[in-house]
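A.B. asks: For reference, this is final.cif, and it has mmCIF, C-alpha atoms.
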data_query
#
loop_
_atom_site.label_atom_id
_atom_site.label_comp_id
_atom_site.auth_asym_id
_atom_site.auth_seq_id
_atom_site.Cartn_x
_atom_site.Cartn_y
_atom_site.Cartn_z
CA MET A 1 -60.62 -26.88 -81.37
CA ALA A 2 -64.11 -26.21 -80.07
CA ASN A 3 -65.64 -22.84 -80.90
CA ILE A 4 -68.55 -20.84 -79.53
CA HIS A 5 -70.96 -22.49 -82.02
CA ASP A 6 -70.05 -25.93 -80.62
CA VAL A 7 -70.70 -24.74 -77.06
CA ALA A 8 -74.06 -23.21 -78.03
CA ARG A 9 -75.09 -26.43 -79.77
CA ALA A 10 -74.02 -28.60 -76.82
CA ALA A 11 -75.78 -26.37 -74.28
CA GLY A 12 -78.89 -25.94 -76.42
CA VAL A 13 -78.73 -22.13 -76.35
CA SER A 14 -77.91 -19.29 -78.74
CA ILE A 15 -74.41 -17.99 -79.41
CA SER A 16 -75.26 -14.70 -77.69
CA THR A 17 -76.38 -16.60 -74.58
CA VAL A 18 -73.01 -18.40 -74.48
CA SER A 19 -71.24 -15.05 -74.75
CA TYR A 20 -73.34 -13.50 -71.98
CA ALA A 21 -72.96 -16.53 -69.72
CA LEU A 22 -69.18 -16.67 -70.04
CA SER A 23 -68.53 -12.92 -69.97
CA GLY A 24 -70.96 -12.00 -67.21
CA LYS A 25 -72.11 -8.99 -69.24
CA ARG A 26 -75.81 -9.78 -68.77
CA SER A 27 -77.92 -11.56 -66.20
CA ILE A 28 -78.48 -15.18 -67.16
CA ALA A 29 -80.51 -17.79 -65.30
CA GLU A 30 -78.22 -19.76 -63.00
CA SER A 31 -79.29 -23.08 -64.51
CA THR A 32 -78.48 -21.78 -68.03
CA ARG A 33 -75.12 -20.42 -66.90
CA ARG A 34 -74.19 -23.76 -65.34
CA ARG A 35 -75.22 -25.60 -68.52
CA VAL A 36 -73.08 -23.30 -70.70
CA GLU A 37 -70.08 -23.55 -68.38
CA GLU A 38 -70.41 -27.33 -68.27
CA ALA A 39 -70.53 -27.51 -72.07
CA ALA A 40 -67.49 -25.19 -72.37
CA ARG A 41 -65.51 -27.29 -69.89
CA SER A 42 -66.38 -30.61 -71.54
CA LEU A 43 -65.41 -29.26 -74.99
CA GLY A 44 -62.26 -27.52 -73.72
CA TYR A 45 -63.50 -24.16 -75.02
CA GLN A 46 -61.68 -20.96 -74.03
CA PRO A 47 -62.78 -17.52 -75.28
CA ASN A 48 -59.92 -15.92 -77.23
CA ALA A 49 -58.16 -12.82 -75.95
CA ALA A 50 -59.71 -10.52 -78.54
CA GLY A 51 -63.18 -11.67 -77.59
CA ARG A 52 -62.52 -11.14 -73.91
CA MET A 53 -61.20 -7.62 -74.59
CA LEU A 54 -64.30 -6.74 -76.62
CA ALA A 55 -66.44 -8.06 -73.81
CA GLY A 56 -64.57 -5.90 -71.33
CA THR A 57 -63.35 -8.87 -69.29
CA ARG A 58 -59.81 -9.80 -68.26
CA THR A 59 -57.36 -11.38 -70.65
CA ARG A 60 -55.65 -13.33 -67.82
CA ILE A 61 -52.30 -12.17 -69.23
CA LEU A 62 -49.59 -10.19 -67.43
CA ALA A 63 -46.82 -8.41 -69.32
CA LEU A 64 -43.31 -9.01 -67.96
CA THR A 65 -40.84 -6.43 -69.19
CA ALA A 66 -37.37 -7.92 -68.73
CA PRO A 67 -34.80 -6.36 -71.09
CA LEU A 68 -31.84 -8.51 -72.07
CA ARG A 69 -28.81 -6.23 -72.11
CA GLU A 70 -25.32 -7.09 -73.29
CA ASP A 71 -24.09 -7.52 -69.71
CA THR A 72 -27.21 -9.32 -68.41
CA TYR A 73 -26.31 -12.42 -66.40
CA ALA A 74 -28.73 -14.76 -68.15
CA PRO A 75 -28.91 -17.58 -65.53
CA ALA A 76 -30.01 -15.18 -62.76
CA HIS A 77 -32.25 -13.22 -65.13
CA MET A 78 -34.13 -16.30 -66.30
CA THR A 79 -34.52 -17.53 -62.72
CA PHE A 80 -36.66 -14.45 -62.07
CA VAL A 81 -38.57 -14.82 -65.36
CA LEU A 82 -39.43 -18.42 -64.46
CA ALA A 83 -40.44 -17.44 -60.92
CA VAL A 84 -42.82 -14.77 -62.26
CA ALA A 85 -44.37 -17.24 -64.74
CA THR A 86 -44.78 -19.88 -62.02
CA ALA A 87 -46.42 -17.42 -59.62
CA ALA A 88 -48.73 -16.17 -62.38
CA ARG A 89 -49.91 -19.69 -63.23
CA ARG A 90 -50.95 -20.21 -59.62
CA HIS A 91 -53.45 -17.40 -60.19
CA ASP A 92 -54.44 -18.74 -63.64
CA TYR A 93 -52.51 -16.01 -65.48
CA ASP A 94 -50.11 -16.33 -68.40
CA ILE A 95 -47.04 -14.18 -69.05
CA LEU A 96 -46.24 -12.11 -72.13
CA LEU A 97 -42.46 -11.61 -72.06
CA LEU A 98 -41.11 -8.33 -73.47
CA THR A 99 -37.36 -8.15 -74.02
CA GLU A 100 -34.76 -5.95 -75.71
CA ASP A 101 -36.44 -3.30 -77.94
CA GLU A 102 -39.82 -4.50 -76.74
CA ALA A 103 -39.10 -3.16 -73.24
CA THR A 104 -40.75 0.22 -73.90
CA LYS A 105 -42.39 0.22 -77.34
CA GLY A 106 -43.86 -3.21 -76.81
CA LEU A 107 -45.06 -2.26 -73.35
CA ARG A 108 -46.95 0.73 -74.69
CA ARG A 109 -48.46 -1.37 -77.48
CA VAL A 110 -49.77 -4.23 -75.34
CA ALA A 111 -51.14 -1.83 -72.71
CA SER A 112 -52.93 0.44 -75.17
CA SER A 113 -54.45 -2.56 -76.98
CA ARG A 114 -55.69 -3.96 -73.65
CA LEU A 115 -53.89 -7.20 -74.34
CA VAL A 116 -52.71 -7.49 -70.73
CA ASP A 117 -54.33 -6.98 -67.35
CA GLY A 118 -51.18 -5.87 -65.53
CA ILE A 119 -47.45 -5.21 -65.88
CA ILE A 120 -44.43 -6.55 -63.97
CA VAL A 121 -41.18 -4.63 -64.40
CA LEU A 122 -38.02 -6.69 -63.83
CA ASP A 123 -34.39 -5.57 -63.39
CA VAL A 124 -35.25 -2.00 -62.47
CA SER A 125 -32.42 0.55 -62.73
CA VAL A 126 -32.09 3.72 -60.68
CA HIS A 127 -33.19 5.95 -63.58
CA ASP A 128 -35.48 3.58 -65.47
CA GLU A 129 -37.41 4.87 -68.49
CA ARG A 130 -40.09 2.25 -67.91
CA VAL A 131 -41.10 3.82 -64.58
CA ALA A 132 -42.52 6.96 -66.20
CA LEU A 133 -44.21 4.80 -68.81
CA VAL A 134 -46.08 2.57 -66.34
CA ARG A 135 -47.27 5.69 -64.53
CA GLU A 136 -48.51 7.10 -67.84
CA LEU A 137 -50.24 3.91 -68.95
CA GLY A 138 -52.34 3.62 -65.81
CA VAL A 139 -52.28 -0.19 -65.92
CA PRO A 140 -51.82 -2.00 -62.57
CA SER A 141 -48.05 -2.51 -62.26
CA ALA A 142 -45.51 -4.06 -59.90
CA LEU A 143 -41.76 -3.40 -59.95
CA ILE A 144 -39.17 -5.96 -58.88
CA GLY A 145 -36.51 -3.47 -57.87
CA ILE A 146 -36.61 0.08 -56.53
CA PRO A 147 -36.08 3.14 -58.77
CA ASP A 148 -34.92 6.53 -57.52
CA ASP A 149 -38.52 7.78 -57.47
CA PRO A 150 -40.84 5.01 -56.20
CA ASP A 151 -43.66 7.36 -55.20
CA GLY A 152 -47.07 5.89 -55.97
CA LEU A 153 -45.61 2.56 -57.11
CA TYR A 154 -45.52 -0.95 -55.70
CA CYS A 155 -41.89 -2.11 -55.49
CA VAL A 156 -40.57 -5.35 -54.02
CA ASP A 157 -36.99 -6.55 -53.69
CA LEU A 158 -34.46 -8.17 -51.39
CA ASP A 159 -33.27 -5.73 -48.73
CA PHE A 160 -29.78 -5.48 -50.24
CA GLU A 161 -28.59 -2.90 -47.70
CA ALA A 162 -29.57 -5.23 -44.85
CA ALA A 163 -27.94 -8.18 -46.65
CA ALA A 164 -24.63 -6.31 -46.88
CA ALA A 165 -24.85 -5.26 -43.22
CA LEU A 166 -25.60 -8.84 -42.16
CA ALA A 167 -22.52 -10.13 -44.01
CA VAL A 168 -20.23 -7.46 -42.57
CA ASP A 169 -21.55 -8.10 -39.06
CA ARG A 170 -21.07 -11.86 -39.35
CA LEU A 171 -17.39 -11.34 -40.23
CA ALA A 172 -16.65 -8.43 -37.90
CA ASP A 173 -18.24 -10.25 -34.96
CA VAL A 174 -15.59 -13.00 -35.23
CA GLY A 175 -12.72 -10.55 -35.32
CA HIS A 176 -12.22 -9.62 -38.99
CA ARG A 177 -11.15 -6.02 -39.49
CA ARG A 178 -10.02 -6.06 -43.12
CA ILE A 179 -13.12 -7.06 -45.11
CA ALA A 180 -13.09 -6.39 -48.88
CA LEU A 181 -16.01 -6.41 -51.33
CA VAL A 182 -15.54 -8.02 -54.76
CA GLY A 183 -18.31 -6.46 -56.84
CA HIS A 184 -19.72 -6.51 -60.35
CA PRO A 185 -17.95 -4.89 -63.34
CA GLN A 186 -17.71 -1.11 -62.97
CA GLU A 187 -19.94 -0.40 -65.97
CA ILE A 188 -22.90 -1.99 -64.15
CA TYR A 189 -22.55 0.58 -61.36
CA ASP A 190 -22.04 3.38 -63.89
CA ARG A 191 -25.23 2.35 -65.71
CA GLY A 192 -27.23 2.76 -62.51
CA SER A 193 -28.19 -0.88 -62.06
CA ASN A 194 -30.24 -0.89 -58.90
CA PHE A 195 -29.24 -3.82 -56.74
CA PRO A 196 -25.42 -3.68 -57.12
CA LEU A 197 -25.48 -0.04 -56.05
CA ARG A 198 -27.68 -0.74 -53.05
CA LEU A 199 -25.54 -3.65 -51.88
CA ARG A 200 -22.30 -1.72 -52.36
CA ASP A 201 -23.69 1.29 -50.50
CA GLY A 202 -24.93 -0.97 -47.71
CA TYR A 203 -21.45 -2.47 -47.39
CA LEU A 204 -19.78 0.96 -47.29
CA ALA A 205 -22.21 2.24 -44.67
CA ARG A 206 -21.89 -0.79 -42.38
CA MET A 207 -18.10 -0.88 -42.59
CA ARG A 208 -17.93 2.77 -41.52
CA GLU A 209 -20.46 2.19 -38.73
CA ARG A 210 -18.15 -0.55 -37.39
CA GLY A 211 -15.12 1.71 -37.66
CA LEU A 212 -13.60 -0.35 -40.49
CA GLU A 213 -11.99 0.80 -43.73
CA PRO A 214 -13.92 -0.41 -46.81
CA VAL A 215 -12.13 -1.78 -49.86
CA VAL A 216 -13.98 -2.44 -53.15
CA VAL A 217 -12.70 -4.05 -56.35
CA THR A 218 -14.84 -4.37 -59.50
CA PRO A 219 -13.29 -6.86 -61.94
CA ASP A 220 -15.00 -7.82 -65.15
CA THR A 221 -15.72 -11.49 -65.82
CA SER A 222 -12.43 -12.28 -67.59
CA SER A 223 -9.74 -14.32 -65.82
CA PRO A 224 -7.02 -11.63 -66.28
CA SER A 225 -9.29 -9.02 -64.69
CA VAL A 226 -10.08 -11.27 -61.71
CA ARG A 227 -6.37 -12.06 -61.34
CA ALA A 228 -5.54 -8.34 -61.32
CA ALA A 229 -8.20 -7.68 -58.68
CA THR A 230 -6.85 -10.53 -56.53
CA ALA A 231 -3.34 -9.11 -56.80
CA GLU A 232 -4.64 -5.65 -55.86
CA LEU A 233 -6.15 -7.12 -52.71
CA PHE A 234 -3.45 -9.54 -51.59
CA ASP A 235 -0.11 -8.21 -52.80
CA GLY A 236 0.11 -5.37 -50.28
CA PRO A 237 0.86 -5.41 -46.55
CA ASP A 238 -2.80 -4.92 -45.57
CA ALA A 239 -4.34 -7.92 -47.32
CA PRO A 240 -7.94 -8.67 -46.32
CA THR A 241 -8.69 -11.50 -43.93
CA ALA A 242 -12.25 -11.75 -45.30
CA LEU A 243 -14.06 -11.27 -48.62
CA LEU A 244 -17.64 -10.47 -49.55
CA LEU A 245 -18.37 -11.72 -53.07
CA HIS A 246 -21.16 -10.01 -55.01
CA CYS A 247 -20.35 -11.11 -58.54
CA GLN A 248 -21.05 -13.81 -61.08
CA GLU A 249 -20.42 -17.46 -60.28
CA SER A 250 -17.54 -17.66 -62.75
CA VAL A 251 -15.77 -14.77 -61.02
CA GLN A 252 -16.20 -16.40 -57.62
CA THR A 253 -14.86 -19.71 -58.91
CA THR A 254 -11.81 -18.01 -60.45
CA MET A 255 -11.09 -16.06 -57.27
CA LEU A 256 -11.21 -19.22 -55.14
CA ASP A 257 -8.76 -20.86 -57.56
CA LEU A 258 -6.43 -17.85 -57.31
CA LEU A 259 -6.51 -17.94 -53.50
CA ARG A 260 -5.43 -21.59 -53.62
CA GLU A 261 -2.72 -20.66 -56.09
CA ARG A 262 -1.39 -18.20 -53.50
CA GLY A 263 -1.41 -20.89 -50.82
CA LEU A 264 -4.36 -19.31 -48.98
CA SER A 265 -7.06 -21.58 -47.58
CA VAL A 266 -10.73 -20.85 -46.94
CA PRO A 267 -11.54 -20.32 -44.12
CA GLY A 268 -8.13 -20.93 -42.53
CA ASP A 269 -6.47 -17.86 -44.06
CA VAL A 270 -9.39 -16.00 -45.65
CA SER A 271 -13.07 -16.13 -44.67
CA VAL A 272 -15.51 -15.75 -47.57
CA VAL A 273 -19.23 -14.89 -47.75
CA THR A 274 -21.11 -14.66 -51.04
CA VAL A 275 -23.93 -12.12 -50.96
CA ALA A 276 -27.12 -11.99 -53.06
CA SER A 277 -26.16 -14.99 -55.19
CA THR A 278 -28.79 -16.86 -57.21
CA PHE A 279 -26.76 -20.06 -57.66
CA ASP A 280 -26.02 -22.99 -55.35
CA THR A 281 -22.84 -22.06 -53.45
CA THR A 282 -22.46 -25.55 -52.03
CA ARG A 283 -21.11 -26.71 -55.39
CA LEU A 284 -18.16 -24.33 -55.15
CA ASP A 285 -14.80 -25.52 -53.81
CA PRO A 286 -15.02 -24.99 -50.91
CA PRO A 287 -18.76 -24.43 -50.32
CA LEU A 288 -19.38 -20.82 -49.33
CA ASP A 289 -21.58 -19.20 -46.72
CA VAL A 290 -24.28 -17.27 -48.57
CA ILE A 291 -27.01 -14.69 -48.18
CA PRO A 292 -29.04 -15.87 -51.19
CA LEU A 293 -31.04 -13.79 -53.64
CA LEU A 294 -34.11 -15.99 -54.02
CA ALA A 295 -36.44 -15.21 -56.92
CA PRO A 296 -39.74 -16.66 -55.59
CA PRO A 297 -40.32 -14.31 -52.60
CA SER A 298 -40.19 -11.09 -54.63
CA CYS A 299 -41.81 -12.54 -57.78
CA GLU A 300 -44.69 -14.10 -55.86
CA ALA A 301 -45.22 -10.85 -53.95
CA ALA A 302 -45.34 -8.87 -57.22
CA VAL A 303 -47.91 -11.20 -58.80
CA ASP A 304 -50.00 -11.34 -55.60
CA TYR A 305 -50.03 -7.54 -55.50
CA LEU A 306 -51.24 -7.32 -59.11
CA VAL A 307 -54.04 -9.80 -58.50
CA ARG A 308 -55.17 -7.79 -55.45
CA ALA A 309 -54.83 -4.52 -57.38
CA LEU A 310 -57.10 -5.86 -60.11
CA GLU A 311 -59.67 -6.54 -57.39
CA GLY A 312 -59.21 -2.99 -56.06
CA ASP A 313 -57.65 -4.24 -52.82
CA ALA A 314 -53.99 -3.10 -52.92
CA ALA A 315 -52.09 0.08 -52.13
CA PRO A 316 -48.68 1.12 -53.55
CA ARG A 317 -45.75 0.61 -51.20
CA ILE A 318 -42.16 -0.61 -50.97
CA GLU A 319 -41.85 -4.19 -49.72
CA LEU A 320 -38.39 -5.43 -48.73
CA VAL A 321 -37.60 -9.14 -48.34
CA ALA A 322 -35.48 -9.79 -45.24
CA PRO A 323 -32.09 -11.42 -45.93
CA GLU A 324 -31.28 -14.90 -44.65
CA TYR A 325 -27.78 -16.16 -43.75
CA ARG A 326 -26.86 -19.76 -44.66
CA ALA A 327 -23.64 -21.11 -43.19
CA PHE A 328 -21.58 -23.76 -45.01
CA GLY A 329 -18.26 -23.46 -43.19
CA SER A 330 -16.39 -20.72 -45.10
CA VAL A 331 -16.11 -18.31 -42.14
CA ALA A 332 -13.74 -18.74 -39.21
CA PRO A 333 -12.58 -16.38 -36.46
CA ALA A 334 -9.82 -14.04 -37.56
CA ALA A 335 -6.38 -15.20 -36.50
CA ALA A 336 -5.02 -13.15 -33.61
CA PRO A 337 -2.15 -10.91 -34.72
CA ALA A 338 1.23 -12.39 -33.93
CA LEU A 339 2.83 -10.93 -30.83
CA PRO A 340 6.38 -9.61 -31.17
CA ALA A 341 8.95 -12.13 -30.09
CA THR A 342 10.34 -11.63 -26.57
CA PRO A 343 13.99 -10.56 -26.94
CA VAL A 344 16.54 -12.98 -25.53
CA LEU A 345 18.73 -11.06 -23.09
CA PRO A 346 22.44 -11.93 -22.86
CA ALA A 347 23.33 -13.97 -19.84
CA ALA A 348 24.72 -11.97 -16.91
CA PRO A 349 28.48 -12.36 -16.42
CA ALA A 350 29.38 -14.89 -13.78
CA THR A 351 30.17 -13.43 -10.37
CA PRO A 352 33.72 -14.33 -9.29
CA ALA A 353 33.80 -16.82 -6.48
CA THR A 354 34.61 -15.37 -3.06
CA PRO A 355 37.88 -16.84 -1.81
CA ALA A 356 37.44 -19.08 1.17
CA ALA A 357 38.56 -17.62 4.54
CA PRO A 358 41.88 -19.02 5.82
CA ALA A 359 41.60 -21.64 8.45
CA THR A 360 42.38 -20.49 11.94
#
Show how you would write the structure in this file as structure tokens.
C.D. replies:
Amino acid sequence: MANIHDVARAAGVSISTVSYALSGKRSIAESTRRRVEEAARSLGYQPNAAGRMLAGTRTRILALTAPLREDTYAPAHMTFVLAVATAARRHDYDILLLTEDEATKGLRRVASSRLVDGIIVLDVSVHDERVALVRELGVPSALIGIPDDPDGLYCVDLDFEAAAALAVDRLADVGHRRIALVGHPQEIYDRGSNFPLRLRDGYLARMRERGLEPVVVTPDTSSPSVRAATAELFDGPDAPTALLLHCQESVQTTMLDLLRERGLSVPGDVSVVTVASTFDTTRLDPPLDVIPLLAPPSCEAAVDYLVRALEGDAAPRIELVAPEYRAFGSVAPAAAPALPATPVLPAAPATPATPAAPAT
């Protein structure tokens, strides 16, 4: 690999001139700067991170703190990690991924050593220990998710409350009155995970605004748990005519199988909408209407904010991504309730015939 000596030799200047030309720390004649930059490009030379830090310039690295918990749904999680990395590369930045124990200790270390220019916080919980840390570190930061105290922070996320309201409205507007939510495992809500709580609360609020009684079940990802939740919903006299699914793909697949097992068709007997899903719902059987949780809009917004913040041209705020409904045929109008049968009245007794008058 080319080093600074090679660049100096190729450009016909001293090592210090190469350093000044590439770091911008001192005024260099434009012709000399162009010669140094040309030599660096032709040799494929890149100043190392330590050198850039000593020179006071940017490292072109963003830290992404994305803890992998025991109940993390890896496919969705990695979709967001990839979207952040892709957005960063568009701005010529690389990503330093911090997971598990690195989520806090590693974050403090890379920030204090000036290894990164900015921080992106993924999978934010309601009471997230990383929020106080990014405030303390004073490094430009962007949160994908909204904590309980977002004051002075930039936060971006799907508008989960609006997504839940959109799903409820779509079903209620075609006559459904018994609309149940199949959510994530209960421990995710208990832990204070941000987006499941916001979507659940949005569902509860919209159902009550429409004068409807909410019903929520929270199975874990095992087949017996999903079967028990399905029985809880459909064994009673007030079975739902519509479902909102906000759960992992495996849970949705199992529930669709169990509906078929009960002789219920989608959408003939039960309408189904999956909300804030990161996977392709057209590959389910049947394909489901969806309000998708797309990683690029929020991840690109977070990276764009950091780039502007590093230029001194960004203000903290909450940015919500509007939900989008995609129809694939899993919603139908609710069947009208059967009218009571008209009772069949007994036939009236025959009236005796009037005897004919005698002939005169």
A.B. asks: Considering only C-alpha atoms, return as an mmCIF file with C-alpha atoms, in the frame of the given file whatever protein or nucleic-acid residues lie within 10 Å of segment 273-282 of chain A, sequence-local ones (same chain, fewer than 3 positions apart) excluded.
C.D. replies:
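Everything below was put into result-v6.cif:
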data_model
loop_
_atom_site.group_PDB
_atom_site.id
_atom_site.type_symbol
_atom_site.label_atom_id
_atom_site.label_comp_id
_atom_site.auth_asym_id
_atom_site.auth_seq_id
_atom_site.Cartn_x
_atom_site.Cartn_y
_atom_site.Cartn_z
ATOM 1 C CA PRO A 75 -28.910 -17.580 -65.530
ATOM 2 C CA ALA A 76 -30.010 -15.180 -62.760
ATOM 3 C CA HIS A 77 -32.250 -13.220 -65.130
ATOM 4 C CA THR A 79 -34.520 -17.530 -62.720
ATOM 5 C CA PHE A 80 -36.660 -14.450 -62.070
ATOM 6 C CA LEU A 158 -34.460 -8.170 -51.390
ATOM 7 C CA ASP A 159 -33.270 -5.730 -48.730
ATOM 8 C CA PHE A 160 -29.780 -5.480 -50.240
ATOM 9 C CA ALA A 163 -27.940 -8.180 -46.650
ATOM 10 C CA ALA A 164 -24.630 -6.310 -46.880
ATOM 11 C CA LEU A 166 -25.600 -8.840 -42.160
ATOM 12 C CA ALA A 167 -22.520 -10.130 -44.010
ATOM 13 C CA VAL A 168 -20.230 -7.460 -42.570
ATOM 14 C CA ARG A 170 -21.070 -11.860 -39.350
ATOM 15 C CA LEU A 171 -17.390 -11.340 -40.230
ATOM 16 C CA LEU A 181 -16.010 -6.410 -51.330
ATOM 17 C CA VAL A 182 -15.540 -8.020 -54.760
ATOM 18 C CA GLY A 183 -18.310 -6.460 -56.840
ATOM 19 C CA PHE A 195 -29.240 -3.820 -56.740
ATOM 20 C CA PRO A 196 -25.420 -3.680 -57.120
ATOM 21 C CA LEU A 199 -25.540 -3.650 -51.880
ATOM 22 C CA ALA A 242 -12.250 -11.750 -45.300
ATOM 23 C CA LEU A 243 -14.060 -11.270 -48.620
ATOM 24 C CA LEU A 244 -17.640 -10.470 -49.550
ATOM 25 C CA LEU A 245 -18.370 -11.720 -53.070
ATOM 26 C CA HIS A 246 -21.160 -10.010 -55.010
ATOM 27 C CA CYS A 247 -20.350 -11.110 -58.540
ATOM 28 C CA GLN A 248 -21.050 -13.810 -61.080
ATOM 29 C CA GLU A 249 -20.420 -17.460 -60.280
ATOM 30 C CA GLN A 252 -16.200 -16.400 -57.620
ATOM 31 C CA THR A 253 -14.860 -19.710 -58.910
ATOM 32 C CA ASP A 285 -14.800 -25.520 -53.810
ATOM 33 C CA PRO A 286 -15.020 -24.990 -50.910
ATOM 34 C CA PRO A 287 -18.760 -24.430 -50.320
ATOM 35 C CA LEU A 288 -19.380 -20.820 -49.330
ATOM 36 C CA ASP A 289 -21.580 -19.200 -46.720
ATOM 37 C CA VAL A 290 -24.280 -17.270 -48.570
ATOM 38 C CA ILE A 291 -27.010 -14.690 -48.180
ATOM 39 C CA PRO A 292 -29.040 -15.870 -51.190
ATOM 40 C CA LEU A 293 -31.040 -13.790 -53.640
ATOM 41 C CA LEU A 294 -34.110 -15.990 -54.020
ATOM 42 C CA ALA A 295 -36.440 -15.210 -56.920
ATOM 43 C CA PRO A 323 -32.090 -11.420 -45.930
ATOM 44 C CA GLU A 324 -31.280 -14.900 -44.650
ATOM 45 C CA TYR A 325 -27.780 -16.160 -43.750
ATOM 46 C CA ARG A 326 -26.860 -19.760 -44.660
ATOM 47 C CA ALA A 327 -23.640 -21.110 -43.190
ATOM 48 C CA PHE A 328 -21.580 -23.760 -45.010
ATOM 49 C CA GLY A 329 -18.260 -23.460 -43.190
ATOM 50 C CA SER A 330 -16.390 -20.720 -45.100
ATOM 51 C CA VAL A 331 -16.110 -18.310 -42.140
#
A.B. asks: Just checking: using all atoms listed in the file, which residue out of A:Glu319, A:Glu209, A:Glu300, A:Asp235 ends up closest to Ala83 of chain A?
C.D. replies: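 Smallest distance to Ala83 of chain A is found for A:Glu300.
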A.B. asks: Give as an NGL selection string each residue that has an atom at most 9 Å from (-60.2, -11.0, -64.5) in the file, counting all atoms listed in the file.
C.D. replies: :A and (57-60 or 117 or 307 or 310-311)
A.B. asks: Given the file shown, enumerate the residues that the PyMOL selection byres ((chain A and resi 122) around 12) captures and present them as a PyMOL selection string.
C.D. replies: chain A and resi 63-68+76-84+97-99+103+119-121+123-125+128+130-131+141-147+155-157+193-195+295+298-299+302-303
A.B. asks: Taking the file as I've supplied it (selection: the PyMOL selection byres ((chain A and resi 8) around 10)), which residues are included? Please answer as a list of chain:residue names.
C.D. replies: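 With the PyMOL selection byres ((chain A and resi 8) around 10) on this model, the match is A:Asn3, A:Ile4, A:His5, A:Asp6, A:Val7, A:Arg9, A:Ala10, A:Ala11, A:Gly12, A:Val13, A:Ser14, A:Ile15, A:Ser16, A:Thr17, A:Val18, A:Ser19, A:Arg35, A:Val36, A:Ala39, A:Ala40.
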A.B. asks: Record the distance separating atom CA of Thr86 of chain A and atom CA of Ala314 of chain A, expressed in Å with one decimal.
C.D. replies: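 Computed distance, atom CA of Thr86 of chain A to atom CA of Ala314 of chain A, equals 21.2 Å.
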A.B. asks: Atom CA of Ile179 of chain A and atom CA of Asp269 of chain A are how many Å apart?
C.D. replies: 12.7 Å
A.B. asks: Just to confirm, what's the straight-line distance from atom CA of Thr218 of chain A to atom CA of Ile188 of chain A in Å (one decimal)?
C.D. replies: 9.6 Å
A.B. asks: So what does the PyMOL selection byres ((chain A and resi 206) around 10) actually pick up in this one, as a VMD selection string?
C.D. replies: chain A and resid 161 to 162 164 to 169 201 to 205 207 to 212 214
A.B. asks: When you look at Leu264 of chain A with a cut-off of 12 Å (counting only C-alpha atoms), what residues show up, excluding the ones that are within fewer than 4 positions of it in the same chain? I need them as a list in words.
C.D. replies: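 That gives Thr230, Phe234, Ala239, Pro240, Thr241, Ala242, Met255, Leu256, Asp257, Leu258, Leu259, Arg260, Gly268, Asp269, Val270, Ser271 and Val272 of chain A.
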A.B. asks: May I ask which of the residues A:Arg135, A:Val251, A:Gly175, A:Arg283 is the closest one to Pro316 of chain A, counting only C-alpha atoms?
C.D. replies: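 Residue with the minimum atom-to-atom distance to Pro316 of chain A: A:Arg135.
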A.B. asks: Can you tell me which residues surround segment 90-94 of chain A at a distance of at most 6 Å, considering only C-alpha atoms, apart from same-chain residues fewer than 2 positions away, and format the answer as an mmCIF file with C-alpha atoms, in the coordinates of the input?
C.D. replies:
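Printed below is selection12.cif as written:
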data_model
loop_
_atom_site.group_PDB
_atom_site.id
_atom_site.type_symbol
_atom_site.label_atom_id
_atom_site.label_comp_id
_atom_site.auth_asym_id
_atom_site.auth_seq_id
_atom_site.Cartn_x
_atom_site.Cartn_y
_atom_site.Cartn_z
ATOM 1 C CA ARG A 60 -55.650 -13.330 -67.820
ATOM 2 C CA ILE A 61 -52.300 -12.170 -69.230
ATOM 3 C CA ALA A 87 -46.420 -17.420 -59.620
ATOM 4 C CA ALA A 88 -48.730 -16.170 -62.380
#
A.B. asks: Return as JSON the box centre and box size in Å, one decimal, for an axis-aligned box around all listed atoms of segment 216-228 of chain A padded by 4 Å per side.
C.D. replies:
{"center_x": -10.6, "center_y": -8.4, "center_z": -60.4, "size_x": 18.2, "size_y": 19.9, "size_z": 22.4}
